[in-house]
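Asks: Just passing along the structure, written as structure tokens.
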2 protein chains.
Amino acid sequence: MAQQEAQQRRPSIHDVASHAGVSAATVSKVLAGVTTVKPENAQRVLDAVELLGYRVDPLASDMRRAKRRIIGAIMPEFESEFFGQMVSELEGLAEQRGYTLVAASSRESEAREKEILARMHDWRVAGVVLAPVRNEHGPAAGFMKANGMTGVLIDRVLADDAFDTVSADSAAASAEVARALVGEGHRHILVVGLGQQAATVRARLEGFRNTALELAPDMRIDVVLCESDVEPLRTLLRDYFSKREAGNDRPTAVYSLFLKGTLVALSEFRRRGWHCPNDISLVGFDDAEWMQVTWPAIAAVVQPVREIASNAMEVLFRRIEGEGGPPTARLEPCKVLMRESVGSPGSVPHSGGGDRQ
Amino acid sequence: MAQQEAQQRRPSIHDVASHAGVSAATVSKVLAGVTTVKPENAQRVLDAVELLGYRVDPLASDMRRAKRRIIGAIMPEFESEFFGQMVSELEGLAEQRGYTLVAASSRESEAREKEILARMHDWRVAGVVLAPVRNEHGPAAGFMKANGMTGVLIDRVLADDAFDTVSADSAAASAEVARALVGEGHRHILVVGLGQQAATVRARLEGFRNTALELAPDMRIDVVLCESDVEPLRTLLRDYFSKREAGNDRPTAVYSLFLKGTLVALSEFRRRGWHCPNDISLVGFDDAEWMQVTWPAIAAVVQPVREIASNAMEVLFRRIEGEGGPPTARLEPCKVLMRESVGSPGSVPHSGGGDRQ
DNA sequence: CAACAGCGAAAAATCGATTTATCGATTACA
DNA sequence: TGTAATCGATAAATCGATTTTTCGCTGTTG
């Protein structure tokens, strides 16, 4: 008996108008803060709004404008801490500006990425924050350009000739990792990467290689790149270590260029009974909460999620408001956390190849 | 010079109509699949749609209906694998039905939860999937009821008198954990929980306690509940173990009722130099990818994310379509993965209290 | 042959706001 | 005093669809 109000229609601007004894246009103006309204009428409108519990319908409100107050966000996935935090940040920033964020996951598929983008275009979103599956030259960016959409690219990009980009400074972070590993005395390092994500991962690899070879010309760098998914990488790594172990020339450290690679490497170490950092050192690009809790804590490159998100939104809204000029390419500095998984090679004798299982 | 088409307005239904030489109403009918249109005209409409690349504006399309084809999703956070997967699943399911999912994070705040809900009400969403911060009796659910909103509650709920609920069967899973630990010979177990999330966590605790005591009446169960956040828990755990260690009566196993508790427990073990399962066994509620990669792999209760998501959407859409009847309360079975962090107590002598740091 | 039923499509109303054009009343100025 | 400018507010157009109503035409029937 207490829900008599539950089913009834929500009040519209006309209901407020008639309650206040003015026209709908006047109500709209009061709510928009236009000052050419007689104070007395303004007060009556405000009272009616209060009385009826009126709230503007954002959908109807957005009808008339070409760009609606909606921001689209497209991420390759939602399951990881990185993109989870990213969406969370973006949502907050959009909300602060009175915008609604619609987030969708491309599930690492470029085809889906484009479909989602088309749907966001249908919604006439004011702008899009796109974390491309591969890099800035994907079909989605082309679609955005062809349709005159406003957007900013983040994460797996370096620079684009049509859109602003914001990403972590992968090269600089990798250089710092190189300095640290060289400093510990490592001269044979395996780098694990995912080939598909071209731009960024290449920067991570080159940043590492350049600095490592500069500091230690005798450095030996092996690279295991996995083109497509993670599962093949597991096999690649297994084979890689099996071969080296026989020849007794396996690396003393592993630098993984992406989170799942770190997991796979760790898993392979465990299978072989190797412990960090005694048997091998490990550094991973991308931090995760669990890394400081494992035995040992895993050293990691921390991406500045908050900075990337806020700069992306900043530049996006400037474009939405019509700012011109050539596209910008921001690189945000990462932090490198050298945890216990990194030590000097051979500081403790290898625990011996603990076979499989 | 290739972007001449970029800036021009998108075609509306009237553009299609004039191109096809029919009225807008006819276009609408053809697109809606109404059969009372002359085949010839239908074809001309379809041709015009193709030619102009016309796509329905979902915002304008939704204007007329009371319930818009939008589903709201409110999660306590986006950063964890669980809620990340959940959002991903929900988004896919909504899309399948031609709905758009708008997701927002309440950031573990009931006040924010209600604000978001009010904003979703402003959007006239057709339905809401709400994972409440605390439980089904929060202010958000009250708001939904008072405003006649359609919704389904998930995760931290057991049953509600106004809304359908879908959640993991915490009690059954805890019972299974109890059986396993008792089976391994544990007779002194610490349960770590978060008090605030009343309903579910209580079910997890009771499910565990009942079964454990039933199977082993001499079982000793300690409980460390943390009311608010995670950080205090760290201190509580430290004090707990310090006290027991002195008296030499510390538990042989820990069962954490939520993910962050597992992390904190693990971290505390590490601080003390304890290893699982030799020094202490560990099982956590909620699985994570990293748990099968650590040394040792952490035993965990896996929540059926996919099932919860699809059942939640299923029941939500039934309500949206007007189905009546009393609210339902579904419990989806969990899977318990007993990994290496669980063993028999005292199977290997304790490695001695490795002090702090 | 007038009245009627049926069909297909156009015209008009609607959703809930914003924005532009219009209007009446008052004030200012020549 | 007559015309113009100003002010505040209302009516009407608009956004892009859907849905209801109306309408014209054809064919049937009494």
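Quick note on naming: the chains in the structure tokens go A, B, ... in the order shown, residues restart at 1 in each chain, and ligands are numbered from 1 in order of appearance.
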Give me every helix (DSSP H, G or I) residue in stretch 114-261 of chain A, going by DSSP on the backbone, as a PyMOL selection string.
Replies: chain A and resi 114-122+139-146+170-184+198-215+231-247+259-261
Asks: Using only C-alpha atoms, please write the residues we just selected to a file, as an mmCIF file, in the first residue's frame.
Replies:
```cif
data_model
loop_
_atom_site.group_PDB
_atom_site.id
_atom_site.type_symbol
_atom_site.label_atom_id
_atom_site.label_comp_id
_atom_site.auth_asym_id
_atom_site.auth_seq_id
_atom_site.Cartn_x
_atom_site.Cartn_y
_atom_site.Cartn_z
ATOM 1 C CA LYS A 114 34.772 -1.903 -35.282
ATOM 2 C CA GLU A 115 31.243 -3.159 -34.657
ATOM 3 C CA ILE A 116 31.204 -1.578 -31.246
ATOM 4 C CA LEU A 117 32.490 1.640 -32.696
ATOM 5 C CA ALA A 118 29.733 1.642 -35.309
ATOM 6 C CA ARG A 119 27.194 1.202 -32.532
ATOM 7 C CA MET A 120 28.706 4.080 -30.625
ATOM 8 C CA HIS A 121 28.510 6.155 -33.741
ATOM 9 C CA ASP A 122 24.815 5.285 -33.895
ATOM 10 C CA PRO A 139 40.265 -0.669 -38.764
ATOM 11 C CA ALA A 140 38.529 1.030 -35.870
ATOM 12 C CA ALA A 141 40.668 4.138 -36.119
ATOM 13 C CA GLY A 142 39.995 4.185 -39.842
ATOM 14 C CA PHE A 143 36.280 4.006 -39.202
ATOM 15 C CA MET A 144 36.489 6.864 -36.744
ATOM 16 C CA LYS A 145 38.363 8.986 -39.185
ATOM 17 C CA ALA A 146 36.045 8.212 -42.092
ATOM 18 C CA SER A 170 57.200 1.830 -22.635
ATOM 19 C CA ALA A 171 60.641 2.540 -24.041
ATOM 20 C CA ALA A 172 61.805 4.561 -21.060
ATOM 21 C CA ALA A 173 60.487 1.984 -18.610
ATOM 22 C CA SER A 174 62.186 -0.832 -20.500
ATOM 23 C CA ALA A 175 65.428 1.119 -20.475
ATOM 24 C CA GLU A 176 65.175 1.376 -16.718
ATOM 25 C CA VAL A 177 64.612 -2.359 -16.452
ATOM 26 C CA ALA A 178 67.658 -2.896 -18.620
ATOM 27 C CA ARG A 179 69.759 -0.676 -16.384
ATOM 28 C CA ALA A 180 68.632 -2.574 -13.319
ATOM 29 C CA LEU A 181 69.298 -6.011 -14.767
ATOM 30 C CA VAL A 182 72.642 -5.028 -16.187
ATOM 31 C CA GLY A 183 73.481 -3.488 -12.851
ATOM 32 C CA GLU A 184 72.774 -6.786 -11.125
ATOM 33 C CA ALA A 198 53.080 -4.182 -32.624
ATOM 34 C CA ALA A 199 53.744 -0.571 -31.725
ATOM 35 C CA THR A 200 53.941 -0.679 -27.963
ATOM 36 C CA VAL A 201 55.577 -4.040 -27.531
ATOM 37 C CA ARG A 202 58.146 -3.162 -30.151
ATOM 38 C CA ALA A 203 58.943 -0.011 -28.220
ATOM 39 C CA ARG A 204 59.332 -2.050 -25.067
ATOM 40 C CA LEU A 205 61.645 -4.475 -26.806
ATOM 41 C CA GLU A 206 63.742 -1.812 -28.510
ATOM 42 C CA GLY A 207 63.940 0.341 -25.416
ATOM 43 C CA PHE A 208 65.272 -2.633 -23.529
ATOM 44 C CA ARG A 209 67.643 -3.852 -26.191
ATOM 45 C CA ASN A 210 69.168 -0.475 -26.919
ATOM 46 C CA THR A 211 69.955 0.378 -23.338
ATOM 47 C CA ALA A 212 71.111 -3.119 -22.439
ATOM 48 C CA LEU A 213 73.546 -3.324 -25.339
ATOM 49 C CA GLU A 214 74.777 0.159 -24.709
ATOM 50 C CA LEU A 215 75.596 -0.577 -21.083
ATOM 51 C CA GLU A 231 48.543 -20.638 -24.959
ATOM 52 C CA PRO A 232 51.110 -21.083 -27.752
ATOM 53 C CA LEU A 233 53.524 -19.055 -25.669
ATOM 54 C CA ARG A 234 53.455 -21.703 -22.978
ATOM 55 C CA THR A 235 54.708 -24.249 -25.464
ATOM 56 C CA LEU A 236 57.277 -21.880 -26.917
ATOM 57 C CA LEU A 237 58.707 -21.153 -23.495
ATOM 58 C CA ARG A 238 58.818 -24.792 -22.551
ATOM 59 C CA ASP A 239 60.725 -25.665 -25.681
ATOM 60 C CA TYR A 240 63.017 -22.706 -25.271
ATOM 61 C CA PHE A 241 64.089 -23.704 -21.788
ATOM 62 C CA SER A 242 64.326 -27.394 -22.566
ATOM 63 C CA LYS A 243 66.775 -26.671 -25.346
ATOM 64 C CA ARG A 244 68.901 -24.253 -23.299
ATOM 65 C CA GLU A 245 68.921 -26.400 -20.225
ATOM 66 C CA ALA A 246 70.484 -29.261 -22.135
ATOM 67 C CA GLY A 247 73.156 -26.983 -23.524
ATOM 68 C CA LEU A 259 51.194 -9.392 -17.930
ATOM 69 C CA LYS A 260 50.123 -12.778 -19.168
ATOM 70 C CA GLY A 261 53.648 -13.456 -20.281
#
```
Asks: Can you list, as a compact mmCIF listing (two decimals) with C-alpha atoms (C1' of nucleotides), in the first residue's frame, every protein, DNA or RNA residue that comes within 9 Å of C:DT18 when you count only C-alpha atoms (C1' of nucleotides), leaving out same-chain residues fewer than 5 positions away?
Replies:
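The result, stored in selection.txt:
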```
# COMPACT_ATOMS: atom_id res chain seq x y z
CA ALA A 25 10.68 26.98 -22.11
CA SER A 28 14.29 24.84 -19.28
CA SER A 61 17.83 16.41 -23.45
CA ASP A 62 20.45 14.97 -25.76
CA MET A 63 18.01 14.60 -28.64
CA ARG A 64 18.51 18.04 -30.01
CA ARG A 65 22.26 18.26 -30.02
C1' DT D 14 13.18 20.90 -33.83
```
Asks: Could you please tell me, as a ChimeraX atom specification, which residues of chain A have an atom within 12 Å of chain C when using only C-alpha atoms (C1' of nucleotides)?
Replies: /A:10-15,24-29,31-32,55-65
Asks: Create the file for the chosen residues now, containing C-alpha atoms and written as a CSV table (one decimal), in the first residue's frame.
Replies:
```csv
chain,number,residue,atom,x,y,z
A,10,ARG,CA,7.8,10.5,-14.0
A,11,PRO,CA,7.1,14.2,-14.2
A,12,SER,CA,8.1,15.9,-17.4
A,13,ILE,CA,9.2,19.4,-17.9
A,14,HIS,CA,5.6,20.3,-18.8
A,15,ASP,CA,4.4,19.0,-15.4
A,24,ALA,CA,8.2,24.7,-20.5
A,25,ALA,CA,10.7,27.0,-22.1
A,26,THR,CA,11.0,29.0,-18.9
A,27,VAL,CA,11.6,25.9,-16.9
A,28,SER,CA,14.3,24.8,-19.3
A,29,LYS,CA,15.9,28.2,-19.0
A,31,LEU,CA,17.4,24.9,-15.1
A,32,ALA,CA,20.0,25.9,-17.6
A,55,ARG,CA,15.0,15.4,-13.0
A,56,VAL,CA,15.9,16.1,-16.5
A,57,ASP,CA,15.7,13.2,-18.9
A,58,PRO,CA,19.2,13.0,-20.3
A,59,LEU,CA,18.0,11.1,-23.3
A,60,ALA,CA,15.4,13.7,-24.3
A,61,SER,CA,17.8,16.4,-23.4
A,62,ASP,CA,20.5,15.0,-25.8
A,63,MET,CA,18.0,14.6,-28.6
A,64,ARG,CA,18.5,18.0,-30.0
A,65,ARG,CA,22.3,18.3,-30.0
```
Asks: Within 7 Å of chain A, which residues of chain D show up? Give each one with its shortest atom-to-atom distance in Å (one decimal) and the two atoms involved, counting only C-alpha atoms (C1' of nucleotides), rows by chain then rising residue number, as a Markdown table.
Replies:
```
| residue | atom | partner | partner_atom | distance |
| --- | --- | --- | --- | --- |
| D:DG8 | C1' | A:Val37 | CA | 6.6 |
| D:DT10 | C1' | A:Ser23 | CA | 6.4 |
| D:DC15 | C1' | A:Arg64 | CA | 4.2 |
```
Asks: For N, CA and C atoms (P, O5', C5', C4', C3', O3' and C1' of nucleotides), I'd like the residues from the last selection saved as a short mmCIF file (atom, residue, chain, number, x, y, z; two decimals), in the first residue's frame.
Replies:
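Result written to again_8.cif:
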```cif
data_model
loop_
_atom_site.label_atom_id
_atom_site.label_comp_id
_atom_site.auth_asym_id
_atom_site.auth_seq_id
_atom_site.Cartn_x
_atom_site.Cartn_y
_atom_site.Cartn_z
P DG D 8 14.12 40.97 -17.66
"O5'" DG D 8 12.85 40.02 -17.71
"C5'" DG D 8 11.57 40.53 -17.36
"C4'" DG D 8 10.51 39.60 -17.91
"C3'" DG D 8 10.84 38.12 -17.70
"O3'" DG D 8 9.80 37.53 -16.93
"C1'" DG D 8 10.21 38.55 -19.96
P DT D 10 5.29 32.03 -19.48
"O5'" DT D 10 4.48 31.73 -20.82
"C5'" DT D 10 3.65 32.75 -21.38
"C4'" DT D 10 3.56 32.56 -22.88
"C3'" DT D 10 3.30 31.12 -23.32
"O3'" DT D 10 2.24 31.11 -24.25
"C1'" DT D 10 5.13 32.01 -24.49
P DC D 15 15.79 19.47 -37.28
"O5'" DC D 15 16.37 18.34 -36.31
"C5'" DC D 15 17.30 18.64 -35.29
"C4'" DC D 15 17.28 17.52 -34.28
"C3'" DC D 15 17.00 16.16 -34.88
"O3'" DC D 15 18.22 15.49 -35.11
"C1'" DC D 15 15.80 16.52 -32.82
#
```
Asks: Residues of chain B near chain A: apply a cut-off of 6 Å, count only C-alpha atoms, and supply the list as a short mmCIF file (atom, residue, chain, number, x, y, z; two decimals) with N, CA and C atoms, in the first residue's frame.
Replies:
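Printed below is out11.cif as written:
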```
data_model
loop_
_atom_site.label_atom_id
_atom_site.label_comp_id
_atom_site.auth_asym_id
_atom_site.auth_seq_id
_atom_site.Cartn_x
_atom_site.Cartn_y
_atom_site.Cartn_z
N ALA B 6 33.17 13.36 -44.21
CA ALA B 6 33.36 13.20 -42.76
C ALA B 6 32.41 14.09 -41.96
N GLN B 7 32.30 15.33 -42.35
CA GLN B 7 31.59 16.28 -41.50
C GLN B 7 30.07 16.29 -41.69
N ASP B 57 18.90 5.55 -35.20
CA ASP B 57 19.44 6.23 -34.03
C ASP B 57 18.77 5.66 -32.78
N PHE B 78 35.59 -2.41 -10.46
CA PHE B 78 35.89 -3.01 -11.76
C PHE B 78 37.26 -3.68 -11.76
N GLU B 79 38.02 -3.49 -10.72
CA GLU B 79 39.42 -3.88 -10.73
C GLU B 79 39.66 -5.38 -10.56
N GLU B 81 39.14 -9.50 -11.08
CA GLU B 81 38.77 -10.42 -12.15
C GLU B 81 37.29 -10.74 -12.12
N GLY B 84 35.19 -7.83 -13.31
CA GLY B 84 35.56 -7.57 -14.69
C GLY B 84 34.90 -8.57 -15.63
N GLN B 85 35.02 -9.84 -15.27
CA GLN B 85 34.37 -10.87 -16.06
C GLN B 85 32.86 -10.65 -16.09
N VAL B 102 25.08 0.05 -19.74
CA VAL B 102 25.81 1.16 -19.13
C VAL B 102 26.29 0.69 -17.76
N ASP B 122 17.04 8.18 -14.28
CA ASP B 122 16.87 9.31 -15.20
C ASP B 122 16.91 8.86 -16.65
N ALA B 146 11.02 1.83 -4.47
CA ALA B 146 10.19 3.03 -4.36
C ALA B 146 9.86 3.64 -5.72
N ASN B 147 10.74 3.44 -6.67
CA ASN B 147 10.53 4.05 -7.98
C ASN B 147 10.05 3.07 -9.04
N GLY B 148 9.65 1.89 -8.57
CA GLY B 148 9.09 0.93 -9.51
C GLY B 148 10.06 0.48 -10.59
N SER B 267 50.30 -12.62 2.33
CA SER B 267 51.31 -11.62 2.62
C SER B 267 51.83 -11.77 4.05
N VAL B 293 49.69 -20.01 -10.42
CA VAL B 293 51.04 -19.75 -10.91
C VAL B 293 52.02 -19.53 -9.77
#
```
Asks: Calculate how many Å separate atom CA of B:Gln96 from atom CA of A:Gly151, rounding to one decimal.
Replies: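 Computing it gives 25.8 Å between the two atoms.
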Asks: Going by DSSP on the backbone, which residues of stretch 232-274 of chain A come out as strand (DSSP E)? List them as a list in words.
Replies: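 Everything in stretch 232-274 of chain A that counts as strand (DSSP E) is Ala253, Val254, Tyr255 and Ser256 of chain A.
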Asks: Emit the selected residues as a tab-separated table (two decimals), in the first residue's frame, including N, CA and C atoms.
Replies:
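Heads up, here's the output in part19.tsv:
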```tsv
chain	number	residue	atom	x	y	z
A	253	ALA	N	67.97	-14.21	-16.48
A	253	ALA	CA	66.83	-13.34	-16.16
A	253	ALA	C	65.83	-13.35	-17.30
A	254	VAL	N	64.59	-13.12	-16.95
A	254	VAL	CA	63.52	-13.02	-17.94
A	254	VAL	C	62.80	-11.69	-17.76
A	255	TYR	N	62.61	-11.02	-18.88
A	255	TYR	CA	61.82	-9.78	-18.86
A	255	TYR	C	60.60	-10.01	-19.74
A	256	SER	N	59.44	-10.01	-19.12
A	256	SER	CA	58.20	-10.23	-19.88
A	256	SER	C	57.60	-8.88	-20.24
```
Asks: Grab the atom CA of A:His137 to atom CA of A:Thr328 distance for me, in Å with one decimal place.
Replies: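 Distance between the two atoms: 15.7 Å.
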Asks: Choose the residue, out of B:Val230, B:Ser281, B:Ala309, B:Ala20, that has the smallest atom-to-atom separation from B:Ala73; count only C-alpha atoms.
Replies: B:Ala309
